[in-house]
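Following: one structure in structure tokens, then a few remarks.
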Amino acid sequence: MLDQWVGVLFPDGLGAEWISAASTVIVVIGALVLRKVILRLVGSFFATLVRRTEAPEQQRRIETLGRVARHTLSLLIVVVTILVVLNTLGISIAPILGAAGVAGVAIGFGAQSLVKDFFSGVFLLLENQIRVGDVVEIAGKSGVVEGMTLRRIQLRSVDGAVHYVSNGLITTVTNFSTEFAFAVVDVGVAYKEDLDHVFVVMRETASTMKAVEPFTKTVIGELEILGVEQWADSAVMIRCRMKTQPLQQWAARREYLKRLKQAFDEAGISIPYPHRTLIQDNGDPRAPAREGARTAEATD
């Protein structure tokens, strides 16, 4: 019946072409609408999971999974839409799929790094090694994870530079944002100081800092004085640490050093620094020789 009406309305045989063009437009518009709806539903789903989760680490993991899921679904919809449009235009997709399979095998040998990136990205997500918002060190680069896909990770370093690291290059992950962190501080005092008194001042300073916001929540442990780390050239080095929330170790360390400097000044504890003595000979090249001769005469 539809073919008869098409023949009546388009006697020149243009009806099939018009229907094909209209179908293509409808498929493309429908795909765009479907993509927008699905991405919005997926985004709302993961946003709801984030609101129901209190742990910051789990929130970052859910957000990362949500981004990867939206990216993957968007790519899948685009591929399926292209295949449907080709079929609507009367182009058989079976040979294309067959050729794609053969080409995929051939390309696979030359694109092993791309396949490696993909599988590495999958395992990074499944094992919860990296999440968006984490501070990590990977492949010799460190920074905040701003973006993550199944192919690469986007890092922004402390100086603002952006690093794009392929997942296949990642062999070791150093994550500074997992569960908790330690603010490690090395303190140098003069050799003449009483170390027991120094330890008391250090603990009092840490307790005072912990009683002030926002460190009441970010510092989750007492100061641990690990002891004398080494005898340096002009100071006794003392190592200590305090347990903090993830990503708060640097702020806690900076604040503790600031307060400890003030506490040492008030307690009269000396913070040494290297001294250097310069001997000037007024530019006379014979001065060292004369000085050596006088020393020899005095010895005789």
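Simple scheme: letters A, B, ... for chains in structure tokens order, numbers from 1 for residues in each chain, numbers from 1 for ligands in the order shown.
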
As a ChimeraX atom specification, please: the residues near Asp196 in chain A (cut-off 12 Å, only C-alpha atoms, same-chain neighbours under 5 positions excluded). /A:189,201-203,225,227-228,238,269

Write the residues of the selection above to a file with N, CA and C atoms, as a short mmCIF file (atom, residue, chain, number, x, y, z; two decimals), in the first residue's frame.
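Saved result, selection-v2.cif, follows:
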data_model
loop_
_atom_site.label_atom_id
_atom_site.label_comp_id
_atom_site.auth_asym_id
_atom_site.auth_seq_id
_atom_site.Cartn_x
_atom_site.Cartn_y
_atom_site.Cartn_z
N VAL A 189 67.95 21.43 64.51
CA VAL A 189 68.24 22.27 65.67
C VAL A 189 69.74 22.22 65.93
N VAL A 201 58.46 20.91 72.87
CA VAL A 201 57.97 22.06 72.11
C VAL A 201 57.31 21.61 70.81
N MET A 202 57.88 20.63 70.15
CA MET A 202 57.30 20.13 68.90
C MET A 202 55.92 19.52 69.13
N ARG A 203 55.76 18.74 70.20
CA ARG A 203 54.46 18.14 70.48
C ARG A 203 53.43 19.20 70.88
N ILE A 225 57.10 11.61 66.70
CA ILE A 225 58.51 11.98 66.56
C ILE A 225 59.31 10.71 66.36
N GLY A 227 62.45 10.42 65.75
CA GLY A 227 63.77 10.46 66.37
C GLY A 227 64.76 11.23 65.53
N VAL A 228 66.04 11.11 65.92
CA VAL A 228 67.12 11.81 65.22
C VAL A 228 67.38 11.10 63.90
N ILE A 238 65.88 16.13 63.07
CA ILE A 238 64.83 15.34 63.75
C ILE A 238 63.69 15.13 62.77
N ILE A 269 65.07 28.28 71.11
CA ILE A 269 65.73 27.14 70.47
C ILE A 269 66.35 27.61 69.16
#

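For Val236 in chain A, the list of residues within 10 Å, based on only C-alpha atoms and with local chain neighbours fewer than 5 positions off taken out, reads Asp186, Val187, Gly188, Val189, Ala190, Tyr191, Lys192, Glu193, Leu195, Val228, Glu229, Gln230, Trp231, Ile271 and Pro272 of chain A.
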
Residue nearest Met242 in chain A - candidates A:Val184, A:Ala161, A:Ala263, A:Ile153, atoms counted: only C-alpha atoms: A:Val184

Return as a VMD selection string the full set of residues in range 58-289 of chain A whose backbone-based DSSP assignment is helix (DSSP H, G or I). chain A and resid 58 to 88 93 to 110 112 to 126 167 to 169 195 to 210 215 to 218 249 to 267 287 to 289

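Shortest atom-to-atom contact with Val79 in chain A among A:Arg35, A:Arg156, A:Arg60, A:Arg151: A:Arg35, counting only C-alpha atoms.
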
Which residues are near range 36-48 of chain A? Cut-off 6 Å, only C-alpha atoms, ignore same chain within fewer than 3 positions. Put them as an mmCIF file with all heavy atoms, in the first residue's frame.
data_model
loop_
_atom_site.group_PDB
_atom_site.id
_atom_site.type_symbol
_atom_site.label_atom_id
_atom_site.label_comp_id
_atom_site.auth_asym_id
_atom_site.auth_seq_id
_atom_site.Cartn_x
_atom_site.Cartn_y
_atom_site.Cartn_z
ATOM 1 N N VAL A 33 19.042 12.751 19.985
ATOM 2 C CA VAL A 33 18.153 12.837 21.152
ATOM 3 C C VAL A 33 18.423 11.688 22.115
ATOM 4 O O VAL A 33 18.500 11.879 23.343
ATOM 5 C CB VAL A 33 16.685 12.830 20.690
ATOM 6 C CG1 VAL A 33 15.743 12.762 21.889
ATOM 7 C CG2 VAL A 33 16.380 14.072 19.861
ATOM 8 N N ARG A 51 26.001 11.481 45.862
ATOM 9 C CA ARG A 51 25.318 12.127 47.005
ATOM 10 C C ARG A 51 25.058 11.146 48.138
ATOM 11 O O ARG A 51 25.070 11.539 49.312
ATOM 12 C CB ARG A 51 23.997 12.738 46.538
ATOM 13 C CG ARG A 51 24.164 13.991 45.675
ATOM 14 C CD ARG A 51 22.848 14.726 45.536
ATOM 15 N NE ARG A 51 21.853 13.913 44.862
ATOM 16 C CZ ARG A 51 21.641 13.919 43.548
ATOM 17 N NH1 ARG A 51 22.393 14.692 42.774
ATOM 18 N NH2 ARG A 51 20.721 13.159 42.997
ATOM 19 N N GLY A 66 31.688 7.324 36.225
ATOM 20 C CA GLY A 66 30.630 8.010 35.486
ATOM 21 C C GLY A 66 31.155 8.669 34.218
ATOM 22 O O GLY A 66 30.526 8.590 33.153
ATOM 23 N N ARG A 70 30.019 7.542 30.419
ATOM 24 C CA ARG A 70 29.404 8.468 29.466
ATOM 25 C C ARG A 70 30.212 8.539 28.172
ATOM 26 O O ARG A 70 29.648 8.575 27.074
ATOM 27 C CB ARG A 70 29.278 9.855 30.094
ATOM 28 C CG ARG A 70 28.244 9.937 31.210
ATOM 29 C CD ARG A 70 27.895 11.378 31.542
ATOM 30 N NE ARG A 70 29.058 12.098 32.021
ATOM 31 C CZ ARG A 70 29.416 12.165 33.300
ATOM 32 N NH1 ARG A 70 28.695 11.529 34.223
ATOM 33 N NH2 ARG A 70 30.471 12.844 33.685
#

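Nearest to Glu213 in chain A of all the residues A:Val145, A:Val198, A:Leu226, A:Ala252 is A:Ala252, counting only C-alpha atoms.
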
When distances are computed from only C-alpha atoms, which of A:Asn128, A:Gln248, A:Ser23, A:Ser270 shows the smallest separation from Gln59 in chain A? A:Asn128
